[in-house]
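target_8.cif follows (mmCIF, C-alpha atoms):
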```cif
data_entry
loop_
_atom_site.group_PDB
_atom_site.id
_atom_site.type_symbol
_atom_site.label_atom_id
_atom_site.label_comp_id
_atom_site.auth_asym_id
_atom_site.auth_seq_id
_atom_site.Cartn_x
_atom_site.Cartn_y
_atom_site.Cartn_z
ATOM 1 C CA MET A 1 18.262 50.433 4.853
ATOM 2 C CA GLN A 2 17.796 51.825 8.342
ATOM 3 C CA ASP A 3 15.947 49.174 10.321
ATOM 4 C CA SER A 4 16.259 50.951 13.649
ATOM 5 C CA ASN A 5 13.071 52.809 12.717
ATOM 6 C CA THR A 6 11.123 49.559 12.546
ATOM 7 C CA PHE A 7 12.652 47.172 15.087
ATOM 8 C CA SER A 8 13.621 47.619 18.714
ATOM 9 C CA GLU A 9 17.028 46.675 20.042
ATOM 10 C CA ARG A 10 17.114 43.381 21.959
ATOM 11 C CA LYS A 11 17.836 43.973 25.634
ATOM 12 C CA ASP A 12 16.917 41.259 28.094
ATOM 13 C CA LYS A 13 14.621 38.298 28.633
ATOM 14 C CA ALA A 14 11.855 40.371 30.244
ATOM 15 C CA GLN A 15 11.797 42.838 27.369
ATOM 16 C CA ILE A 16 11.926 40.131 24.701
ATOM 17 C CA GLU A 17 9.302 37.829 26.235
ATOM 18 C CA GLU A 18 6.910 40.096 28.105
ATOM 19 C CA SER A 19 7.007 43.589 26.581
ATOM 20 C CA SER A 20 5.455 45.169 23.510
ATOM 21 C CA ASP A 21 8.861 45.844 21.920
ATOM 22 C CA PHE A 22 9.228 44.116 18.564
ATOM 23 C CA ALA A 23 12.869 43.029 18.651
ATOM 24 C CA PRO A 24 13.182 40.097 16.230
ATOM 25 C CA LYS A 25 16.282 37.924 16.318
ATOM 26 C CA PHE A 26 17.946 37.224 12.993
ATOM 27 C CA ASP A 27 20.378 34.302 12.835
ATOM 28 C CA ALA A 28 24.059 34.322 11.817
ATOM 29 C CA ASP A 29 22.947 34.650 8.182
ATOM 30 C CA GLY A 30 20.639 37.549 9.046
ATOM 31 C CA LEU A 31 17.505 35.415 8.611
ATOM 32 C CA ILE A 32 14.402 34.515 10.609
ATOM 33 C CA PRO A 33 12.070 31.615 9.694
ATOM 34 C CA ALA A 34 8.512 32.587 8.713
ATOM 35 C CA MET A 35 5.651 30.092 8.507
ATOM 36 C CA ALA A 36 2.655 31.185 6.410
ATOM 37 C CA ILE A 37 -0.691 29.743 7.485
ATOM 38 C CA ASP A 38 -4.085 30.169 5.843
ATOM 39 C CA ALA A 39 -6.230 32.667 7.745
ATOM 40 C CA THR A 40 -9.438 30.736 7.121
ATOM 41 C CA THR A 41 -8.432 27.087 7.421
ATOM 42 C CA LYS A 42 -5.314 27.640 9.603
ATOM 43 C CA GLU A 43 -3.606 25.123 7.305
ATOM 44 C CA PRO A 44 0.195 25.602 7.161
ATOM 45 C CA LEU A 45 1.085 26.735 3.631
ATOM 46 C CA MET A 46 4.859 27.114 3.508
ATOM 47 C CA LEU A 47 7.964 27.885 5.534
ATOM 48 C CA ALA A 48 10.432 30.415 4.166
ATOM 49 C CA TYR A 49 12.918 32.943 5.508
ATOM 50 C CA MET A 50 13.048 36.714 5.900
ATOM 51 C CA ASN A 51 15.895 39.110 6.418
ATOM 52 C CA ALA A 52 15.345 42.466 8.138
ATOM 53 C CA GLU A 53 14.583 44.215 4.866
ATOM 54 C CA SER A 54 11.967 41.681 3.746
ATOM 55 C CA LEU A 55 10.280 41.701 7.155
ATOM 56 C CA LYS A 56 10.139 45.481 7.018
ATOM 57 C CA LEU A 57 8.738 45.335 3.476
ATOM 58 C CA THR A 58 6.126 42.789 4.558
ATOM 59 C CA LEU A 59 4.945 45.222 7.229
ATOM 60 C CA GLU A 60 4.873 48.120 4.767
ATOM 61 C CA VAL A 61 3.336 46.370 1.760
ATOM 62 C CA GLY A 62 0.868 44.142 3.624
ATOM 63 C CA GLU A 63 1.900 41.149 1.515
ATOM 64 C CA ALA A 64 4.410 38.393 2.257
ATOM 65 C CA VAL A 65 7.930 39.363 1.198
ATOM 66 C CA TYR A 66 10.594 36.731 1.867
ATOM 67 C CA TRP A 67 14.331 36.390 1.305
ATOM 68 C CA SER A 68 15.142 33.788 -1.324
ATOM 69 C CA ARG A 69 18.103 31.787 -0.037
ATOM 70 C CA SER A 70 18.585 30.074 -3.419
ATOM 71 C CA ARG A 71 18.566 33.294 -5.433
ATOM 72 C CA SER A 72 19.967 35.551 -2.673
ATOM 73 C CA GLU A 73 17.388 38.238 -3.316
ATOM 74 C CA ILE A 74 14.215 39.804 -1.980
ATOM 75 C CA TRP A 75 11.276 37.592 -2.958
ATOM 76 C CA HIS A 76 7.894 39.277 -3.109
ATOM 77 C CA LYS A 77 5.834 36.082 -3.203
ATOM 78 C CA GLY A 78 3.419 36.020 -6.149
ATOM 79 C CA LYS A 79 4.633 39.223 -7.742
ATOM 80 C CA THR A 80 5.024 37.454 -11.096
ATOM 81 C CA SER A 81 2.628 34.501 -10.654
ATOM 82 C CA GLY A 82 -0.145 36.566 -9.085
ATOM 83 C CA HIS A 83 -0.232 34.160 -6.124
ATOM 84 C CA THR A 84 0.416 36.793 -3.483
ATOM 85 C CA GLN A 85 -0.199 36.329 0.223
ATOM 86 C CA LYS A 86 -2.231 39.122 1.777
ATOM 87 C CA ILE A 87 -1.230 39.650 5.402
ATOM 88 C CA VAL A 88 -4.037 39.265 7.923
ATOM 89 C CA GLU A 89 -1.836 39.090 11.007
ATOM 90 C CA ILE A 90 1.841 38.678 11.864
ATOM 91 C CA ARG A 91 2.823 36.914 15.073
ATOM 92 C CA THR A 92 6.118 36.273 16.771
ATOM 93 C CA ASP A 93 7.065 33.827 19.501
ATOM 94 C CA CYS A 94 8.340 34.120 23.069
ATOM 95 C CA ASP A 95 11.993 34.661 22.161
ATOM 96 C CA GLN A 96 11.142 36.474 18.924
ATOM 97 C CA ASP A 97 13.206 34.243 16.649
ATOM 98 C CA ALA A 98 10.301 32.940 14.541
ATOM 99 C CA ILE A 99 7.469 34.564 12.608
ATOM 100 C CA ILE A 100 4.004 33.364 11.665
ATOM 101 C CA LEU A 101 2.221 35.044 8.786
ATOM 102 C CA VAL A 102 -1.536 34.558 8.903
ATOM 103 C CA VAL A 103 -2.420 35.146 5.258
ATOM 104 C CA GLU A 104 -5.112 35.150 2.660
ATOM 105 C CA GLN A 105 -3.562 33.108 -0.141
ATOM 106 C CA ILE A 106 -4.470 34.766 -3.435
ATOM 107 C CA GLY A 107 -4.755 32.428 -6.432
ATOM 108 C CA ALA A 108 -4.885 28.667 -6.385
ATOM 109 C CA GLY A 109 -2.018 27.826 -4.082
ATOM 110 C CA ALA A 110 1.239 28.585 -2.310
ATOM 111 C CA CYS A 111 3.466 25.763 -3.546
ATOM 112 C CA HIS A 112 5.587 25.904 -6.697
ATOM 113 C CA THR A 113 4.609 22.265 -7.371
ATOM 114 C CA GLY A 114 1.025 23.359 -8.006
ATOM 115 C CA ARG A 115 -0.416 22.418 -4.645
ATOM 116 C CA ASN A 116 -2.266 24.622 -2.208
ATOM 117 C CA SER A 117 0.254 23.896 0.569
ATOM 118 C CA CYS A 118 3.901 22.839 0.466
ATOM 119 C CA PHE A 119 3.149 20.317 3.234
ATOM 120 C CA TYR A 120 1.419 17.748 1.016
ATOM 121 C CA ARG A 121 3.137 14.640 2.398
ATOM 122 C CA LYS A 122 3.189 12.967 5.783
ATOM 123 C CA VAL A 123 5.943 10.812 7.211
ATOM 124 C CA VAL A 124 5.314 7.105 7.719
ATOM 125 C CA PRO A 125 7.722 5.719 10.364
ATOM 126 C CA GLY A 126 9.807 2.697 9.400
ATOM 127 C CA SER A 127 13.243 1.577 8.208
ATOM 128 C CA PRO A 128 13.509 3.545 6.098
ATOM 129 C CA ALA A 129 10.774 6.048 6.915
ATOM 130 C CA ALA A 130 8.641 6.940 3.880
ATOM 131 C CA LEU A 131 6.273 9.660 2.727
ATOM 132 C CA ALA A 132 2.576 9.352 1.897
ATOM 133 C CA PHE A 133 0.788 12.000 -0.152
ATOM 134 C CA THR A 134 -2.011 13.812 1.667
ATOM 135 C CA GLN A 135 -2.755 16.045 -1.323
ATOM 136 C CA SER A 136 -1.771 14.511 -4.637
ATOM 137 C CA ASP A 137 -4.098 16.472 -6.902
ATOM 138 C CA LEU A 138 -2.722 19.759 -8.160
ATOM 139 C CA SER A 139 -4.573 22.986 -7.386
ATOM 140 C CA PHE A 140 -3.095 24.676 -10.452
ATOM 141 C CA ASP A 141 -0.761 23.963 -13.351
ATOM 142 C CA PRO A 142 2.701 25.143 -12.274
ATOM 143 C CA ASN A 143 3.914 25.140 -15.883
ATOM 144 C CA ALA A 144 1.217 27.610 -16.861
ATOM 145 C CA VAL A 145 1.810 29.825 -13.842
ATOM 146 C CA TYR A 146 5.599 29.877 -13.560
ATOM 147 C CA LYS A 147 6.958 29.203 -17.042
ATOM 148 C CA LYS A 148 5.121 31.724 -19.151
ATOM 149 C CA MET B 1 23.937 6.722 15.226
ATOM 150 C CA GLN B 2 23.311 5.211 11.839
ATOM 151 C CA ASP B 3 20.651 7.367 10.196
ATOM 152 C CA SER B 4 20.858 5.657 6.833
ATOM 153 C CA ASN B 5 18.330 3.159 8.168
ATOM 154 C CA THR B 6 15.759 5.893 8.685
ATOM 155 C CA PHE B 7 16.326 8.517 5.990
ATOM 156 C CA SER B 8 16.839 8.247 2.254
ATOM 157 C CA GLU B 9 19.735 9.882 0.451
ATOM 158 C CA ARG B 10 18.808 13.088 -1.380
ATOM 159 C CA LYS B 11 19.103 12.608 -5.131
ATOM 160 C CA ASP B 12 17.279 15.025 -7.398
ATOM 161 C CA LYS B 13 14.328 17.393 -7.556
ATOM 162 C CA ALA B 14 11.881 14.730 -8.781
ATOM 163 C CA GLN B 15 12.786 12.356 -5.970
ATOM 164 C CA ILE B 16 12.691 15.069 -3.314
ATOM 165 C CA GLU B 17 9.428 16.707 -4.410
ATOM 166 C CA GLU B 18 7.354 13.937 -5.951
ATOM 167 C CA SER B 19 8.439 10.592 -4.514
ATOM 168 C CA SER B 20 7.739 8.756 -1.289
ATOM 169 C CA ASP B 21 11.400 8.883 -0.201
ATOM 170 C CA PHE B 22 11.848 10.702 3.088
ATOM 171 C CA ALA B 23 15.105 12.565 2.507
ATOM 172 C CA PRO B 24 15.108 15.514 4.914
ATOM 173 C CA LYS B 25 17.621 18.313 4.393
ATOM 174 C CA PHE B 26 19.546 19.414 7.459
ATOM 175 C CA ASP B 27 21.267 22.811 7.320
ATOM 176 C CA ALA B 28 24.959 23.620 7.786
ATOM 177 C CA ASP B 29 24.493 23.119 11.542
ATOM 178 C CA GLY B 30 22.773 19.778 10.969
ATOM 179 C CA LEU B 31 19.351 21.159 11.886
ATOM 180 C CA ILE B 32 15.874 21.325 10.370
ATOM 181 C CA PRO B 33 13.108 23.652 11.665
ATOM 182 C CA ALA B 34 10.027 21.941 13.117
ATOM 183 C CA MET B 35 6.750 23.743 13.782
ATOM 184 C CA ALA B 36 4.400 22.070 16.256
ATOM 185 C CA ILE B 37 0.702 22.713 15.710
ATOM 186 C CA ASP B 38 -2.250 21.582 17.812
ATOM 187 C CA ALA B 39 -4.043 18.629 16.197
ATOM 188 C CA THR B 40 -7.477 19.819 17.298
ATOM 189 C CA THR B 41 -7.349 23.602 16.916
ATOM 190 C CA LYS B 42 -4.529 23.713 14.297
ATOM 191 C CA GLU B 43 -3.107 26.586 16.361
ATOM 192 C CA PRO B 44 0.682 26.953 15.968
ATOM 193 C CA LEU B 45 2.304 26.093 19.307
ATOM 194 C CA MET B 46 6.050 26.547 18.883
ATOM 195 C CA LEU B 47 8.919 26.446 16.419
ATOM 196 C CA ALA B 48 12.056 24.552 17.382
ATOM 197 C CA TYR B 49 14.828 22.608 15.659
ATOM 198 C CA MET B 50 15.723 18.956 15.185
ATOM 199 C CA ASN B 51 18.921 17.224 14.224
ATOM 200 C CA ALA B 52 18.880 13.815 12.552
ATOM 201 C CA GLU B 53 19.000 11.995 15.858
ATOM 202 C CA SER B 54 16.092 13.919 17.401
ATOM 203 C CA LEU B 55 13.974 13.477 14.264
ATOM 204 C CA LYS B 56 14.690 9.758 14.352
ATOM 205 C CA LEU B 57 13.817 9.637 18.068
ATOM 206 C CA THR B 58 10.573 11.542 17.406
ATOM 207 C CA LEU B 59 9.597 8.857 14.901
ATOM 208 C CA GLU B 60 10.521 6.059 17.292
ATOM 209 C CA VAL B 61 9.083 7.473 20.528
ATOM 210 C CA GLY B 62 5.936 9.074 19.067
ATOM 211 C CA GLU B 63 6.568 12.259 21.061
ATOM 212 C CA ALA B 64 8.287 15.473 20.008
ATOM 213 C CA VAL B 65 12.051 15.325 20.527
ATOM 214 C CA TYR B 66 13.945 18.467 19.531
ATOM 215 C CA TRP B 67 17.548 19.615 19.565
ATOM 216 C CA SER B 68 18.141 22.390 22.088
ATOM 217 C CA ARG B 69 20.369 24.967 20.427
ATOM 218 C CA SER B 70 20.959 26.799 23.724
ATOM 219 C CA ARG B 71 21.931 23.671 25.670
ATOM 220 C CA SER B 72 23.381 21.744 22.696
ATOM 221 C CA GLU B 73 21.574 18.573 23.675
ATOM 222 C CA ILE B 74 18.662 16.323 22.773
ATOM 223 C CA TRP B 75 15.487 17.856 24.197
ATOM 224 C CA HIS B 76 12.628 15.460 24.811
ATOM 225 C CA LYS B 77 9.941 18.116 25.238
ATOM 226 C CA GLY B 78 8.017 17.717 28.503
ATOM 227 C CA LYS B 79 10.109 14.872 29.847
ATOM 228 C CA THR B 80 10.583 16.714 33.145
ATOM 229 C CA SER B 81 7.557 19.070 33.095
ATOM 230 C CA GLY B 82 5.108 16.441 31.901
ATOM 231 C CA HIS B 83 4.082 18.714 29.021
ATOM 232 C CA THR B 84 4.913 16.250 26.279
ATOM 233 C CA GLN B 85 3.682 16.510 22.707
ATOM 234 C CA LYS B 86 2.114 13.315 21.423
ATOM 235 C CA ILE B 87 2.682 12.963 17.685
ATOM 236 C CA VAL B 88 -0.490 12.675 15.610
ATOM 237 C CA GLU B 89 1.163 13.286 12.248
ATOM 238 C CA ILE B 90 4.498 14.484 10.876
ATOM 239 C CA ARG B 91 4.590 16.356 7.589
ATOM 240 C CA THR B 92 7.380 17.698 5.438
ATOM 241 C CA ASP B 93 7.352 20.239 2.641
ATOM 242 C CA CYS B 94 8.141 20.170 -1.063
ATOM 243 C CA ASP B 95 11.915 20.454 -0.705
ATOM 244 C CA GLN B 96 11.960 18.558 2.597
ATOM 245 C CA ASP B 97 13.777 21.241 4.577
ATOM 246 C CA ALA B 98 11.004 21.892 7.097
ATOM 247 C CA ILE B 99 8.903 19.706 9.392
ATOM 248 C CA ILE B 100 5.431 20.141 10.840
ATOM 249 C CA LEU B 101 4.490 18.170 13.909
ATOM 250 C CA VAL B 102 0.751 17.801 14.344
ATOM 251 C CA VAL B 103 0.552 17.092 18.071
ATOM 252 C CA GLU B 104 -1.671 16.534 21.029
ATOM 253 C CA GLN B 105 -0.216 18.899 23.605
ATOM 254 C CA ILE B 106 -0.264 17.149 26.981
ATOM 255 C CA GLY B 107 -0.603 19.422 30.009
ATOM 256 C CA ALA B 108 -1.580 23.053 30.045
ATOM 257 C CA GLY B 109 0.651 24.464 27.345
ATOM 258 C CA ALA B 110 3.713 24.418 25.121
ATOM 259 C CA CYS B 111 5.423 27.680 26.084
ATOM 260 C CA HIS B 112 7.937 28.061 28.903
ATOM 261 C CA THR B 113 6.302 31.415 29.773
ATOM 262 C CA GLY B 114 3.158 29.562 30.890
ATOM 263 C CA ARG B 115 1.085 30.103 27.771
ATOM 264 C CA ASN B 116 -0.574 27.518 25.591
ATOM 265 C CA SER B 117 1.307 28.731 22.506
ATOM 266 C CA CYS B 118 4.617 30.579 22.108
ATOM 267 C CA PHE B 119 2.934 32.805 19.516
ATOM 268 C CA TYR B 120 1.009 34.964 22.002
ATOM 269 C CA ARG B 121 1.783 38.349 20.444
ATOM 270 C CA LYS B 122 0.969 39.941 17.109
ATOM 271 C CA VAL B 123 2.954 42.646 15.338
ATOM 272 C CA VAL B 124 1.449 46.098 15.000
ATOM 273 C CA PRO B 125 3.092 47.945 12.059
ATOM 274 C CA GLY B 126 4.575 51.381 12.755
ATOM 275 C CA SER B 127 7.809 53.232 13.441
ATOM 276 C CA PRO B 128 8.804 51.416 15.482
ATOM 277 C CA ALA B 129 6.589 48.359 15.023
ATOM 278 C CA ALA B 130 5.187 47.052 18.310
ATOM 279 C CA LEU B 131 3.665 43.900 19.756
ATOM 280 C CA ALA B 132 0.146 43.394 21.113
ATOM 281 C CA PHE B 133 -0.697 40.450 23.351
ATOM 282 C CA THR B 134 -3.268 38.050 21.920
ATOM 283 C CA GLN B 135 -3.068 35.745 24.932
ATOM 284 C CA SER B 136 -1.980 37.504 28.115
ATOM 285 C CA ASP B 137 -3.480 35.120 30.647
ATOM 286 C CA LEU B 138 -1.239 32.248 31.616
ATOM 287 C CA SER B 139 -2.418 28.681 31.068
ATOM 288 C CA PHE B 140 -0.175 27.401 33.849
ATOM 289 C CA ASP B 141 2.329 28.649 36.402
ATOM 290 C CA PRO B 142 5.774 28.245 34.840
ATOM 291 C CA ASN B 143 7.455 28.549 38.252
ATOM 292 C CA ALA B 144 5.522 25.598 39.548
ATOM 293 C CA VAL B 145 6.140 23.495 36.451
ATOM 294 C CA TYR B 146 9.763 24.275 35.614
ATOM 295 C CA LYS B 147 11.422 25.263 38.888
ATOM 296 C CA LYS B 148 10.504 22.405 41.134
#
```
Output the file's structure as structure tokens, nothing else.
Amino acid sequence: MQDSNTFSERKDKAQIEESSDFAPKFDADGLIPAMAIDATTKEPLMLAYMNAESLKLTLEVGEAVYWSRSRSEIWHKGKTSGHTQKIVEIRTDCDQDAIILVVEQIGAGACHTGRNSCFYRKVVPGSPAALAFTQSDLSFDPNAVYKK
Amino acid sequence: MQDSNTFSERKDKAQIEESSDFAPKFDADGLIPAMAIDATTKEPLMLAYMNAESLKLTLEVGEAVYWSRSRSEIWHKGKTSGHTQKIVEIRTDCDQDAIILVVEQIGAGACHTGRNSCFYRKVVPGSPAALAFTQSDLSFDPNAVYKK
């Protein structure tokens, strides 16, 4: 895939931080982290990764397309479950090595465990530190959605 | 540093996703991504990385402590500029390989460019894609804060 049509080449600090050139930085594995947040509530939904192809597809399709590190393949979120993420806005940061997807989450939730958000636990400091559930009720039945 | 006092050992999917064990997964470089969001507005502020030591310090100090990949050192955010991030809540996701810091941003902003948030530009699809500024006004003078 020819990505030079979509992304600009990275030049210098001024271009990367203060210009309108979109020149994302992919890491040694060719990936950039992407945090999806709910457009209405601003609640963080999930953090996943994109390679250049999936970022390009996200821009073209208008839905979140990630790179699955576990399956090593393009992952069009919700394509089988129906729980797609409609893109409202895409943002990048000062050094363009992170992406935020502001999305409309279609269906009951983003998390494969059945919750609306993957961030359903908070850390309680201590020795050892522990987790406390902030959302224990399921938004949907993951067995019904993913194992049909 | 002995981290076994702070973190639990990762065992299986049930423990990682559905228990109260805090067993964060650090990548091949020993890092985990951490997104800081504003506790009041829920606006994403920045995405940085933590190693085990900085995550432990964050829990102990109650302020965001990252690992600087460019300087290869512990980075207590705002220690010199005064722009610290007071921890309100720390969350992790289903597979515990990402962190969200819900913070009270002290001082005028989180970004070294002088903006409140590092995510001050949105992507405009096209060939090539471009960036549009969503926050062009500076919240503070970075020269005054960082180059004293």
Subject >> chain B contacts on chain A, all atoms listed in the file, 6 Å, as a ChimeraX atom specification >> reply: /A:5-7,20-22,59,90-94,118-119,121-123,125,127-131
After superposing chain A onto chain B (least squares, all C-alpha atoms, pairing by order), export the transformed chain as a compact mmCIF listing (two decimals) with C-alpha atoms, keeping the file's coordinate frame.
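Output file part04.txt is given in full below:
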```
# COMPACT_ATOMS: atom_id res chain seq x y z
CA MET A 1 23.93 6.75 15.26
CA GLN A 2 23.29 5.23 11.85
CA ASP A 3 20.63 7.38 10.20
CA SER A 4 20.85 5.66 6.83
CA ASN A 5 18.32 3.16 8.18
CA THR A 6 15.75 5.90 8.68
CA PHE A 7 16.33 8.53 5.99
CA SER A 8 16.84 8.25 2.25
CA GLU A 9 19.73 9.90 0.46
CA ARG A 10 18.81 13.10 -1.39
CA LYS A 11 19.12 12.62 -5.14
CA ASP A 12 17.28 15.03 -7.40
CA LYS A 13 14.33 17.40 -7.56
CA ALA A 14 11.89 14.74 -8.79
CA GLN A 15 12.79 12.37 -5.97
CA ILE A 16 12.70 15.08 -3.31
CA GLU A 17 9.44 16.72 -4.41
CA GLU A 18 7.36 13.95 -5.96
CA SER A 19 8.45 10.59 -4.52
CA SER A 20 7.74 8.76 -1.29
CA ASP A 21 11.40 8.88 -0.21
CA PHE A 22 11.85 10.70 3.09
CA ALA A 23 15.11 12.56 2.50
CA PRO A 24 15.12 15.53 4.89
CA LYS A 25 17.62 18.33 4.40
CA PHE A 26 19.54 19.43 7.46
CA ASP A 27 21.27 22.82 7.32
CA ALA A 28 24.97 23.63 7.80
CA ASP A 29 24.49 23.12 11.55
CA GLY A 30 22.78 19.77 10.98
CA LEU A 31 19.34 21.17 11.89
CA ILE A 32 15.87 21.33 10.37
CA PRO A 33 13.11 23.66 11.66
CA ALA A 34 10.03 21.94 13.12
CA MET A 35 6.75 23.74 13.78
CA ALA A 36 4.40 22.05 16.26
CA ILE A 37 0.70 22.70 15.70
CA ASP A 38 -2.25 21.56 17.81
CA ALA A 39 -4.04 18.62 16.19
CA THR A 40 -7.47 19.81 17.30
CA THR A 41 -7.35 23.58 16.92
CA LYS A 42 -4.53 23.70 14.30
CA GLU A 43 -3.11 26.56 16.37
CA PRO A 44 0.69 26.94 15.96
CA LEU A 45 2.30 26.09 19.31
CA MET A 46 6.04 26.55 18.89
CA LEU A 47 8.92 26.45 16.42
CA ALA A 48 12.05 24.55 17.38
CA TYR A 49 14.82 22.61 15.66
CA MET A 50 15.72 18.96 15.19
CA ASN A 51 18.92 17.24 14.23
CA ALA A 52 18.88 13.82 12.55
CA GLU A 53 19.00 12.00 15.87
CA SER A 54 16.08 13.91 17.40
CA LEU A 55 13.97 13.46 14.26
CA LYS A 56 14.69 9.75 14.36
CA LEU A 57 13.81 9.64 18.07
CA THR A 58 10.57 11.53 17.41
CA LEU A 59 9.59 8.85 14.90
CA GLU A 60 10.51 6.05 17.30
CA VAL A 61 9.07 7.46 20.52
CA GLY A 62 5.93 9.06 19.07
CA GLU A 63 6.57 12.24 21.05
CA ALA A 64 8.28 15.47 20.01
CA VAL A 65 12.04 15.32 20.53
CA TYR A 66 13.93 18.46 19.53
CA TRP A 67 17.54 19.63 19.56
CA SER A 68 18.13 22.39 22.09
CA ARG A 69 20.36 24.97 20.42
CA SER A 70 20.93 26.80 23.73
CA ARG A 71 21.91 23.69 25.67
CA SER A 72 23.37 21.76 22.70
CA GLU A 73 21.56 18.58 23.67
CA ILE A 74 18.66 16.33 22.77
CA TRP A 75 15.47 17.85 24.20
CA HIS A 76 12.60 15.46 24.80
CA LYS A 77 9.92 18.13 25.24
CA GLY A 78 8.00 17.70 28.50
CA LYS A 79 10.11 14.87 29.85
CA THR A 80 10.57 16.74 33.15
CA SER A 81 7.55 19.08 33.10
CA GLY A 82 5.10 16.43 31.91
CA HIS A 83 4.07 18.71 29.03
CA THR A 84 4.89 16.24 26.28
CA GLN A 85 3.67 16.50 22.71
CA LYS A 86 2.10 13.30 21.42
CA ILE A 87 2.66 12.95 17.68
CA VAL A 88 -0.49 12.67 15.59
CA GLU A 89 1.15 13.28 12.23
CA ILE A 90 4.49 14.48 10.86
CA ARG A 91 4.59 16.36 7.57
CA THR A 92 7.38 17.69 5.43
CA ASP A 93 7.36 20.24 2.64
CA CYS A 94 8.15 20.18 -1.08
CA ASP A 95 11.92 20.47 -0.72
CA GLN A 96 11.96 18.57 2.58
CA ASP A 97 13.79 21.23 4.57
CA ALA A 98 11.00 21.90 7.09
CA ILE A 99 8.90 19.72 9.39
CA ILE A 100 5.43 20.14 10.84
CA LEU A 101 4.49 18.15 13.91
CA VAL A 102 0.74 17.80 14.34
CA VAL A 103 0.54 17.08 18.07
CA GLU A 104 -1.68 16.53 21.02
CA GLN A 105 -0.24 18.91 23.61
CA ILE A 106 -0.27 17.14 26.97
CA GLY A 107 -0.64 19.41 30.01
CA ALA A 108 -1.60 23.04 30.05
CA GLY A 109 0.65 24.46 27.37
CA ALA A 110 3.71 24.41 25.14
CA CYS A 111 5.41 27.67 26.09
CA HIS A 112 7.94 28.05 28.90
CA THR A 113 6.29 31.40 29.77
CA GLY A 114 3.16 29.55 30.89
CA ARG A 115 1.08 30.10 27.79
CA ASN A 116 -0.56 27.50 25.60
CA SER A 117 1.31 28.72 22.51
CA CYS A 118 4.61 30.56 22.10
CA PHE A 119 2.93 32.81 19.51
CA TYR A 120 1.01 34.97 22.00
CA ARG A 121 1.79 38.35 20.43
CA LYS A 122 0.98 39.94 17.10
CA VAL A 123 2.96 42.63 15.33
CA VAL A 124 1.46 46.10 14.98
CA PRO A 125 3.10 47.94 12.04
CA GLY A 126 4.58 51.36 12.75
CA SER A 127 7.82 53.23 13.45
CA PRO A 128 8.82 51.40 15.47
CA ALA A 129 6.61 48.35 15.01
CA ALA A 130 5.19 47.05 18.31
CA LEU A 131 3.67 43.90 19.74
CA ALA A 132 0.15 43.40 21.10
CA PHE A 133 -0.70 40.45 23.34
CA THR A 134 -3.26 38.04 21.91
CA GLN A 135 -3.05 35.74 24.94
CA SER A 136 -1.97 37.51 28.10
CA ASP A 137 -3.46 35.12 30.64
CA LEU A 138 -1.22 32.24 31.64
CA SER A 139 -2.41 28.67 31.08
CA PHE A 140 -0.17 27.40 33.88
CA ASP A 141 2.34 28.65 36.43
CA PRO A 142 5.79 28.25 34.85
CA ASN A 143 7.47 28.58 38.24
CA ALA A 144 5.56 25.59 39.56
CA VAL A 145 6.18 23.51 36.45
CA TYR A 146 9.81 24.29 35.63
CA LYS A 147 11.47 25.30 38.89
CA LYS A 148 10.56 22.47 41.20
```
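What the PyMOL selection byres ((chain B and resi 76) around 8) matches in the given file is Glu63, Ala64, Val65, Tyr66, Ile74, Trp75, Lys77, Gly78, Lys79 and Thr84 of chain B.
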Original post:
Mind telling me what the PyMOL selection byres ((chain B and resi 141) around 12) catches here, as a list in words?
Top reply: Ser81, Gly107, Ala108, Gly109, Cys111, His112, Thr113, Gly114, Arg115, Asn116, Asp137, Leu138, Ser139, Phe140, Pro142, Asn143, Ala144, Val145, Tyr146, Lys147 and Lys148 of chain B
**OP:** Give me, please, the distance in Å between atom CA of A:Gln105 and atom CA of A:Arg69, quoted to one decimal.
**Re:** 21.7 Å
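If you look at atom CA of A:Ala39 and atom CA of B:Ile87, they are 23.8 Å away from each other.
From atom CA of B:Arg71 back to atom CA of B:Leu55, the distance works out to 17.2 Å.
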Original post:
Got a sec: who's within 8 Å of A:Asn51, counting all atoms listed in the file, leaving out chain neighbours fewer than 4 positions off, as a ChimeraX atom specification?
Top reply: /A:26,30-32,55,66-67
Test item: axis-aligned box, all listed atoms of stretch 37-55 of chain A, 3 Å on each side, centre and edges in Å rounded to one decimal, as lines of an AutoDock Vina configuration file:
```
center_x = 3.2
center_y = 34.7
center_z = 6.6
size_x = 31.3
size_y = 25.1
size_z = 12.1
```
Quick one: stretch 21-26 of chain B from the block, N, CA and C atoms, as a tab-separated table (two decimals), in the first residue's frame.
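File produced: decode22.tsv:
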```
chain	number	residue	atom	x	y	z
B	21	ASP	N	-6.61	-8.49	41.29
B	21	ASP	CA	-5.14	-8.46	41.24
B	21	ASP	C	-4.68	-7.39	40.26
B	22	PHE	N	-3.79	-6.54	40.69
B	22	PHE	CA	-3.20	-5.57	39.77
B	22	PHE	C	-1.91	-6.17	39.23
B	23	ALA	N	-1.99	-6.63	37.98
B	23	ALA	CA	-0.88	-7.34	37.35
B	23	ALA	C	-0.59	-6.72	35.98
B	24	PRO	N	-0.06	-5.48	36.00
B	24	PRO	CA	0.14	-4.77	34.74
B	24	PRO	C	1.14	-5.47	33.83
B	25	LYS	N	0.89	-5.35	32.51
B	25	LYS	CA	1.78	-5.95	31.52
B	25	LYS	C	2.67	-4.86	30.93
B	26	PHE	N	3.96	-5.02	31.10
B	26	PHE	CA	4.92	-4.11	30.49
B	26	PHE	C	5.42	-4.76	29.20
```
